[in-house]
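So the structure is just underneath, and the comments pick up after that.
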There are 2 protein chains.
Amino acid sequence: MTSRALRDLSERDALRLLAGVPLGRIVFTRHALPAVRPVNHIVADGRIVIRSSSGTMLSDEVASPGAVVAFEADDLDTDLRLGWSVIVTGLAGVVEDPDQAARYKARLRPWLVGDMDQVIAIRPEIVTGFELVRATG
Amino acid sequence: MTSRALRDLSERDALRLLAGVPLGRIVFTRHALPAVRPVNHIVADGRIVIRSSSGTMLSDEVASPGAVVAFEADDLDTDLRLGWSVIVTGLAGVVEDPDQAARYKARLRPWLVGDMDQVIAIRPEIVTGFELVRATG
């Protein structure tokens, strides 16, 4: 087995890694119960930006004012057991500015069919992450 | 771009796919806020089984009686935009039976150092999932 070391990521490195992958999972609360959806995302202007369709459970919960969400992304090699995971907690909200929303939409091609009319941004409040790297020596 | 179709997975297919990957994300509520951790898992006796270390935030929340959690796993090809995602919601609890816990532990090698003394099982109540497949014709 590879000798491995666990390291905490700095906030800067965590957000850099998160920005480098196209897919994460948004975690929210629905009727006080935990809920999760895989979504594609970008990091722009210091925020995590996703698209959603208004009227879906995700939009109902995440686009409401003051919604706190978590966002997780990882790149973990399950054979070598190396890689990283980043978890961001923050306030989510609809991007209301039409120019900004259009700019984000142009960079966020939806995976799924559907309107995907809403652009939602998460402002990171707490950023944590770890990486599992090969241990030296 | 590949022509793709979105299909809902049956509960049976969803759990079969979930059982076929080593890694998922457990989603829980911490002080009414959403939280998430990547974990390796097995599916055994109809339940999703993970290990945790008592005293961690995960164990504090997930091992408490009546804790409702979600568990997500996916295998999504971000280039082709094909693959699947499964989300299970259910009640979590510590596996108290020592023989059963030992049997699960033998199949669940922890990724991280630490005691990983606790074995936690999630009994699926709601199982949903989708797959994105190549469209024919």
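Chain labels follow the order of the structure tokens: the first chain is A, the next B, and so on; residue numbering restarts at 1 in every chain, and ligands are counted from 1 in their shown order.
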
Superposition of chain A onto chain B by least squares over all sequentially paired C-alpha atoms; the transformed chain is requested as a short mmCIF file (atom, residue, chain, number, x, y, z; two decimals) with C-alpha atoms, in the first residue's frame.
data_model
loop_
_atom_site.label_atom_id
_atom_site.label_comp_id
_atom_site.auth_asym_id
_atom_site.auth_seq_id
_atom_site.Cartn_x
_atom_site.Cartn_y
_atom_site.Cartn_z
CA MET A 1 -22.11 16.64 -28.61
CA THR A 2 -23.36 13.17 -27.76
CA SER A 3 -27.12 12.88 -27.82
CA ARG A 4 -28.11 11.85 -24.34
CA ALA A 5 -31.19 10.69 -22.53
CA LEU A 6 -32.05 11.08 -18.85
CA ARG A 7 -33.62 8.09 -17.14
CA ASP A 8 -34.78 7.60 -13.60
CA LEU A 9 -33.27 4.57 -11.92
CA SER A 10 -35.36 2.00 -10.12
CA GLU A 11 -34.60 1.57 -6.43
CA ARG A 12 -33.05 -1.80 -7.19
CA ASP A 13 -30.76 -0.46 -9.91
CA ALA A 14 -29.87 2.57 -7.82
CA LEU A 15 -28.73 0.45 -4.86
CA ARG A 16 -26.85 -1.91 -7.21
CA LEU A 17 -24.90 1.00 -8.71
CA LEU A 18 -24.26 2.50 -5.27
CA ALA A 19 -22.89 -0.84 -4.08
CA GLY A 20 -20.53 -0.97 -7.06
CA VAL A 21 -18.49 2.10 -6.16
CA PRO A 22 -16.24 2.44 -3.11
CA LEU A 23 -16.85 6.07 -2.29
CA GLY A 24 -19.82 8.30 -1.58
CA ARG A 25 -20.71 11.42 0.38
CA ILE A 26 -22.70 11.38 3.58
CA VAL A 27 -24.88 14.43 4.09
CA PHE A 28 -26.16 15.40 7.49
CA THR A 29 -27.40 18.32 9.51
CA ARG A 30 -25.23 20.07 12.09
CA HIS A 31 -26.89 22.76 14.18
CA ALA A 32 -29.58 22.96 11.49
CA LEU A 33 -26.89 23.60 8.85
CA PRO A 34 -26.04 21.29 5.98
CA ALA A 35 -22.81 19.29 6.25
CA VAL A 36 -21.15 16.71 4.01
CA ARG A 37 -18.19 14.34 4.18
CA PRO A 38 -16.72 11.99 1.57
CA VAL A 39 -16.53 8.43 2.92
CA ASN A 40 -15.92 4.95 1.64
CA HIS A 41 -18.84 2.61 2.03
CA ILE A 42 -20.25 -0.82 1.38
CA VAL A 43 -23.81 -1.94 0.90
CA ALA A 44 -24.56 -4.90 3.16
CA ASP A 45 -27.81 -6.45 4.36
CA GLY A 46 -29.73 -3.76 2.49
CA ARG A 47 -27.97 -0.95 4.33
CA ILE A 48 -25.21 1.51 3.49
CA VAL A 49 -22.38 0.96 5.95
CA ILE A 50 -19.53 3.36 6.74
CA ARG A 51 -16.92 3.73 9.45
CA SER A 52 -16.28 6.75 11.61
CA SER A 53 -14.31 7.82 14.65
CA SER A 54 -16.34 8.58 17.74
CA GLY A 55 -15.87 12.16 18.85
CA THR A 56 -15.77 13.55 15.31
CA MET A 57 -18.45 15.90 14.05
CA LEU A 58 -19.69 13.18 11.72
CA SER A 59 -20.10 10.64 14.51
CA ASP A 60 -21.67 13.18 16.85
CA GLU A 61 -24.40 13.93 14.37
CA VAL A 62 -24.84 10.68 12.50
CA ALA A 63 -24.64 8.27 15.40
CA SER A 64 -27.28 10.06 17.45
CA PRO A 65 -30.57 8.18 17.67
CA GLY A 66 -32.99 8.97 14.88
CA ALA A 67 -30.48 10.87 12.77
CA VAL A 68 -31.72 11.31 9.22
CA VAL A 69 -28.96 11.47 6.65
CA ALA A 70 -28.59 11.47 2.91
CA PHE A 71 -25.96 9.55 1.01
CA GLU A 72 -24.90 10.35 -2.51
CA ALA A 73 -22.69 8.45 -4.91
CA ASP A 74 -22.14 8.98 -8.58
CA ASP A 75 -20.06 7.95 -11.52
CA LEU A 76 -20.28 10.80 -13.98
CA ASP A 77 -18.04 11.27 -16.99
CA THR A 78 -17.55 15.01 -17.13
CA ASP A 79 -16.29 14.94 -20.73
CA LEU A 80 -19.04 12.81 -22.22
CA ARG A 81 -21.60 13.95 -19.65
CA LEU A 82 -22.81 10.41 -19.19
CA GLY A 83 -23.15 8.38 -16.03
CA TRP A 84 -25.34 8.11 -12.99
CA SER A 85 -26.04 9.56 -9.56
CA VAL A 86 -27.89 7.95 -6.67
CA ILE A 87 -29.25 9.67 -3.58
CA VAL A 88 -30.47 7.73 -0.57
CA THR A 89 -32.20 9.24 2.43
CA GLY A 90 -32.60 7.20 5.58
CA LEU A 91 -32.07 6.70 9.26
CA ALA A 92 -28.50 6.28 10.44
CA GLY A 93 -27.41 4.42 13.53
CA VAL A 94 -24.42 2.76 15.14
CA VAL A 95 -24.11 -0.98 14.52
CA GLU A 96 -24.12 -2.22 18.10
CA ASP A 97 -23.86 -5.97 17.49
CA PRO A 98 -20.12 -6.72 17.87
CA ASP A 99 -20.10 -9.65 15.42
CA GLN A 100 -21.92 -7.69 12.77
CA ALA A 101 -19.70 -4.65 13.34
CA ALA A 102 -16.56 -6.79 13.05
CA ARG A 103 -17.84 -8.33 9.82
CA TYR A 104 -18.49 -4.92 8.32
CA LYS A 105 -15.15 -3.55 9.55
CA ALA A 106 -13.32 -6.36 7.78
CA ARG A 107 -14.83 -5.19 4.49
CA LEU A 108 -14.32 -1.46 5.13
CA ARG A 109 -10.68 -0.46 5.14
CA PRO A 110 -10.50 3.17 6.29
CA TRP A 111 -8.89 5.70 3.95
CA LEU A 112 -7.76 7.82 6.82
CA VAL A 113 -5.75 7.06 9.89
CA GLY A 114 -7.61 7.21 13.16
CA ASP A 115 -9.54 4.87 15.31
CA MET A 116 -12.52 4.48 13.02
CA ASP A 117 -14.01 2.54 15.92
CA GLN A 118 -17.62 3.12 14.96
CA VAL A 119 -19.58 1.31 12.31
CA ILE A 120 -22.61 3.25 11.12
CA ALA A 121 -25.41 1.84 9.00
CA ILE A 122 -27.96 3.79 7.00
CA ARG A 123 -31.30 2.14 6.35
CA PRO A 124 -32.60 3.48 3.04
CA GLU A 125 -36.06 5.04 3.23
CA ILE A 126 -36.05 7.02 -0.01
CA VAL A 127 -33.88 5.95 -2.93
CA THR A 128 -33.69 8.06 -6.07
CA GLY A 129 -31.29 8.12 -8.94
CA PHE A 130 -30.84 8.99 -12.55
CA GLU A 131 -28.63 7.93 -15.38
CA LEU A 132 -27.54 9.82 -18.43
CA VAL A 133 -27.16 7.42 -21.32
CA ARG A 134 -26.45 7.75 -25.01
CA ALA A 135 -29.68 8.32 -26.88
CA THR A 136 -30.35 5.87 -29.68
CA GLY A 137 -31.80 6.66 -33.09
#

Taking the DSSP assignment computed from this structure's backbone, write out as number ranges by chain all residues of segment 7-121 of chain A that belong to helix (DSSP H, G or I).
A: 11-19, 57-62, 98-107

Once DSSP has gone over the backbone, tell me which residues of segment 18-105 of chain B are in strand (DSSP E or B), as a count of residues only.
50
